[in-house]
Amino acid sequence: MDTTALRSAYGRLLDAAAVPDLGDADDGGWNADQVLAHLLSVDAATAAVALGVVAGARPAFDNRISLDTWNLERIIAEHSGRADLIDHVRSQAAVLCDIADRLNEQAASVLVPTLLLSNDELVLDRPIPLSSLIDGLAESHVPGHTQQLLDLRTAPGKP
């Protein structure tokens, strides 16, 4: 697989995460640390699925654990602060991309049963090729969370 777009998406996300003065979401949504913890959870699960496919298993992808508030807070607590979370996202994204770079066409085309939720809404519940799962990170997931982080920037005069 070609991970150029995914690596680029993570570069933009990491730049956005490093912006000072990221506040809380106006709508009560996730703060920056929760977004980063979510990405760590999704990336680890995606890497595990990819490695499982290479090992000959037929794993499934289910993003519900990466949406669980308790799990996100657990991940955050395991880090010493935002900079540590950012470093972990950077290194884990590199691992995921390195795994994806090494997937051959046969492995990339394996259908993975996939369950995706977003904002308590079912987004997808069907098998998709492993390559689509990984490409979806570059096409919508990571850019969406990049924008989410940018939206957390505190404007002058905003508490």
# chains A, B, ... in the order shown; residues from 1 in each chain; ligands from 1

call {"tool": "residues_around", "arguments": {"residues": "A:Leu51", "least_positions_apart": "5", "cutoff": "10 Å", "atoms": "only C-alpha atoms", "output": "short mmCIF file (atom, residue, chain, number, x, y, z; two decimals) with N, CA and C atoms, in the first residue's frame"}}
result
data_model
loop_
_atom_site.label_atom_id
_atom_site.label_comp_id
_atom_site.auth_asym_id
_atom_site.auth_seq_id
_atom_site.Cartn_x
_atom_site.Cartn_y
_atom_site.Cartn_z
N ALA A 45 -5.76 -0.38 17.07
CA ALA A 45 -6.70 -1.40 16.59
C ALA A 45 -6.50 -1.67 15.10
N THR A 46 -6.26 -0.64 14.32
CA THR A 46 -6.05 -0.82 12.88
C THR A 46 -4.76 -1.59 12.62
N GLY A 56 -2.56 -14.42 9.03
CA GLY A 56 -3.49 -15.43 8.54
C GLY A 56 -4.81 -15.46 9.29
N ALA A 57 -4.96 -14.61 10.28
CA ALA A 57 -6.22 -14.53 11.02
C ALA A 57 -7.21 -13.70 10.20
N PRO A 59 -9.33 -10.98 11.48
CA PRO A 59 -9.82 -10.12 12.56
C PRO A 59 -10.92 -9.18 12.07
N LEU A 96 1.92 2.23 12.22
CA LEU A 96 0.80 1.85 11.38
C LEU A 96 1.14 2.01 9.90
N ILE A 99 3.54 -0.68 8.74
CA ILE A 99 2.84 -1.96 8.54
C ILE A 99 2.09 -1.91 7.21
N ALA A 100 1.36 -0.83 6.98
CA ALA A 100 0.57 -0.70 5.75
C ALA A 100 1.47 -0.68 4.52
N LEU A 103 2.11 -4.19 3.29
CA LEU A 103 1.01 -5.07 2.90
C LEU A 103 1.05 -5.32 1.40
N ALA A 107 -3.05 -9.20 0.81
CA ALA A 107 -3.41 -8.86 2.19
C ALA A 107 -4.28 -7.61 2.23
#

call {"tool": "select_by_dssp", "arguments": {"residues": "stretch 50-133 of chain A", "states": "helix (DSSP H, G or I)", "output": "VMD selection string"}}
result
chain A and resid 50 to 55 63 to 67 69 to 77 82 to 101 105 to 108 130 to 133

call {"tool": "atom_distance", "arguments": {"atom1": "atom CA of A:Asn119", "atom2": "atom CA of A:Glu139"}}
result
18.6 Å

call {"tool": "closest_residue", "arguments": {"among": "A:Ser8, A:Thr146, A:Asn31, A:Ser140", "to": "A:Arg82", "atoms": "only C-alpha atoms"}}
result
A:Asn31

call {"tool": "residues_around", "arguments": {"residues": "A:Leu40", "least_positions_apart": "5", "cutoff": "9 Å", "atoms": "only C-alpha atoms", "output": "list in words"}}
result
Val35, Ala45, Ser66, Ile75, Leu85, His88, Val89, Gln92 and Ala93 of chain A

call {"tool": "write_last_selection", "arguments": {"atoms": "C-alpha atoms", "output": "short mmCIF file (atom, residue, chain, number, x, y, z; two decimals), in the first residue's frame"}}
result
data_model
loop_
_atom_site.label_atom_id
_atom_site.label_comp_id
_atom_site.auth_asym_id
_atom_site.auth_seq_id
_atom_site.Cartn_x
_atom_site.Cartn_y
_atom_site.Cartn_z
CA VAL A 35 -8.99 13.40 20.39
CA ALA A 45 -6.70 -1.40 16.59
CA SER A 66 -12.01 4.07 20.84
CA ILE A 75 -5.08 6.37 27.76
CA LEU A 85 0.35 12.13 23.79
CA HIS A 88 2.91 8.68 21.08
CA VAL A 89 0.50 9.48 18.22
CA GLN A 92 2.20 4.91 16.56
CA ALA A 93 1.13 6.52 13.27
#

call {"tool": "residues_around", "arguments": {"residues": "A:Arg58", "least_positions_apart": "4", "cutoff": "9 Å", "atoms": "only C-alpha atoms", "output": "list in words"}}
result
Val49, Gly52, Val53, Val110, Leu111, Val112 and Pro113 of chain A

call {"tool": "write_last_selection", "arguments": {"atoms": "all heavy atoms", "output": "PDB file, in the first residue's frame"}}
result
ATOM      1  N   VAL A  49      -5.342  -5.207  13.421  1.00  0.00           N
ATOM      2  CA  VAL A  49      -6.096  -5.874  12.353  1.00  0.00           C
ATOM      3  C   VAL A  49      -5.166  -6.195  11.185  1.00  0.00           C
ATOM      4  O   VAL A  49      -5.178  -7.311  10.657  1.00  0.00           O
ATOM      5  CB  VAL A  49      -7.298  -5.010  11.902  1.00  0.00           C
ATOM      6  CG1 VAL A  49      -7.876  -5.513  10.586  1.00  0.00           C
ATOM      7  CG2 VAL A  49      -8.365  -4.995  12.978  1.00  0.00           C
ATOM      8  N   GLY A  52      -2.932  -8.978  12.092  1.00  0.00           N
ATOM      9  CA  GLY A  52      -3.724 -10.204  12.133  1.00  0.00           C
ATOM     10  C   GLY A  52      -3.948 -10.772  10.752  1.00  0.00           C
ATOM     11  O   GLY A  52      -3.833 -11.990  10.533  1.00  0.00           O
ATOM     12  N   VAL A  53      -4.255  -9.928   9.796  1.00  0.00           N
ATOM     13  CA  VAL A  53      -4.440 -10.374   8.412  1.00  0.00           C
ATOM     14  C   VAL A  53      -3.151 -11.000   7.896  1.00  0.00           C
ATOM     15  O   VAL A  53      -3.170 -12.086   7.304  1.00  0.00           O
ATOM     16  CB  VAL A  53      -4.906  -9.210   7.506  1.00  0.00           C
ATOM     17  CG1 VAL A  53      -4.776  -9.572   6.034  1.00  0.00           C
ATOM     18  CG2 VAL A  53      -6.339  -8.812   7.837  1.00  0.00           C
ATOM     19  N   VAL A 110      -8.023  -8.267   1.646  1.00  0.00           N
ATOM     20  CA  VAL A 110      -8.792  -9.116   2.560  1.00  0.00           C
ATOM     21  C   VAL A 110      -9.952  -8.308   3.143  1.00  0.00           C
ATOM     22  O   VAL A 110      -9.779  -7.171   3.603  1.00  0.00           O
ATOM     23  CB  VAL A 110      -7.895  -9.677   3.691  1.00  0.00           C
ATOM     24  CG1 VAL A 110      -8.723 -10.303   4.808  1.00  0.00           C
ATOM     25  CG2 VAL A 110      -6.910 -10.678   3.130  1.00  0.00           C
ATOM     26  N   LEU A 111     -11.137  -8.903   3.099  1.00  0.00           N
ATOM     27  CA  LEU A 111     -12.308  -8.243   3.665  1.00  0.00           C
ATOM     28  C   LEU A 111     -12.293  -8.351   5.186  1.00  0.00           C
ATOM     29  O   LEU A 111     -12.132  -9.441   5.738  1.00  0.00           O
ATOM     30  CB  LEU A 111     -13.586  -8.857   3.112  1.00  0.00           C
ATOM     31  CG  LEU A 111     -13.832  -8.635   1.624  1.00  0.00           C
ATOM     32  CD1 LEU A 111     -15.104  -9.345   1.184  1.00  0.00           C
ATOM     33  CD2 LEU A 111     -13.900  -7.158   1.282  1.00  0.00           C
ATOM     34  N   VAL A 112     -12.459  -7.221   5.837  1.00  0.00           N
ATOM     35  CA  VAL A 112     -12.437  -7.136   7.299  1.00  0.00           C
ATOM     36  C   VAL A 112     -13.832  -6.726   7.776  1.00  0.00           C
ATOM     37  O   VAL A 112     -14.314  -5.645   7.413  1.00  0.00           O
ATOM     38  CB  VAL A 112     -11.400  -6.087   7.765  1.00  0.00           C
ATOM     39  CG1 VAL A 112     -11.450  -5.899   9.269  1.00  0.00           C
ATOM     40  CG2 VAL A 112     -10.001  -6.462   7.294  1.00  0.00           C
ATOM     41  N   PRO A 113     -14.497  -7.575   8.559  1.00  0.00           N
ATOM     42  CA  PRO A 113     -15.778  -7.152   9.133  1.00  0.00           C
ATOM     43  C   PRO A 113     -15.551  -5.875   9.949  1.00  0.00           C
ATOM     44  O   PRO A 113     -14.690  -5.835  10.828  1.00  0.00           O
ATOM     45  CB  PRO A 113     -16.178  -8.322  10.033  1.00  0.00           C
ATOM     46  CG  PRO A 113     -15.415  -9.490   9.491  1.00  0.00           C
ATOM     47  CD  PRO A 113     -14.128  -8.929   8.969  1.00  0.00           C
TER      48      PRO A 113
END

call {"tool": "select_by_dssp", "arguments": {"residues": "chain A", "states": "strand (DSSP E)", "output": "PyMOL selection string"}}
result
chain A and resi 61-62+111-118+121-129

call {"tool": "write_last_selection", "arguments": {"atoms": "C-alpha atoms", "output": "mmCIF file, in the first residue's frame"}}
result
data_model
loop_
_atom_site.group_PDB
_atom_site.id
_atom_site.type_symbol
_atom_site.label_atom_id
_atom_site.label_comp_id
_atom_site.auth_asym_id
_atom_site.auth_seq_id
_atom_site.Cartn_x
_atom_site.Cartn_y
_atom_site.Cartn_z
ATOM 1 C CA PHE A 61 -12.496 -3.884 13.325
ATOM 2 C CA ASP A 62 -14.879 -2.317 15.830
ATOM 3 C CA LEU A 111 -12.308 -8.243 3.665
ATOM 4 C CA VAL A 112 -12.437 -7.136 7.299
ATOM 5 C CA PRO A 113 -15.778 -7.152 9.133
ATOM 6 C CA THR A 114 -16.039 -3.508 10.188
ATOM 7 C CA LEU A 115 -18.303 -1.712 12.657
ATOM 8 C CA LEU A 116 -17.949 2.066 12.775
ATOM 9 C CA LEU A 117 -19.920 4.422 14.970
ATOM 10 C CA SER A 118 -19.682 8.203 15.119
ATOM 11 C CA GLU A 121 -24.736 6.859 14.858
ATOM 12 C CA LEU A 122 -23.969 3.726 12.875
ATOM 13 C CA VAL A 123 -21.685 4.704 9.999
ATOM 14 C CA LEU A 124 -20.715 1.278 8.676
ATOM 15 C CA ASP A 125 -21.479 -2.336 9.495
ATOM 16 C CA ARG A 126 -20.127 -4.561 6.742
ATOM 17 C CA PRO A 127 -16.899 -6.140 5.554
ATOM 18 C CA ILE A 128 -14.528 -3.807 3.719
ATOM 19 C CA PRO A 129 -11.067 -4.407 2.263
#

call {"tool": "residues_around", "arguments": {"residues": "A:Ala37", "least_positions_apart": "4", "cutoff": "7 Å", "atoms": "only C-alpha atoms", "output": "ChimeraX atom specification"}}
result
/A:33,41,72,75-76

call {"tool": "closest_residue", "arguments": {"among": "A:Ala17, A:Val54, A:Ala44, A:Ala5", "to": "A:Arg102", "atoms": "only C-alpha atoms"}}
result
A:Val54

call {"tool": "closest_residue", "arguments": {"among": "A:Ala32, A:Leu39, A:Leu22, A:Ala50", "to": "A:Gln106", "atoms": "only C-alpha atoms"}}
result
A:Ala50
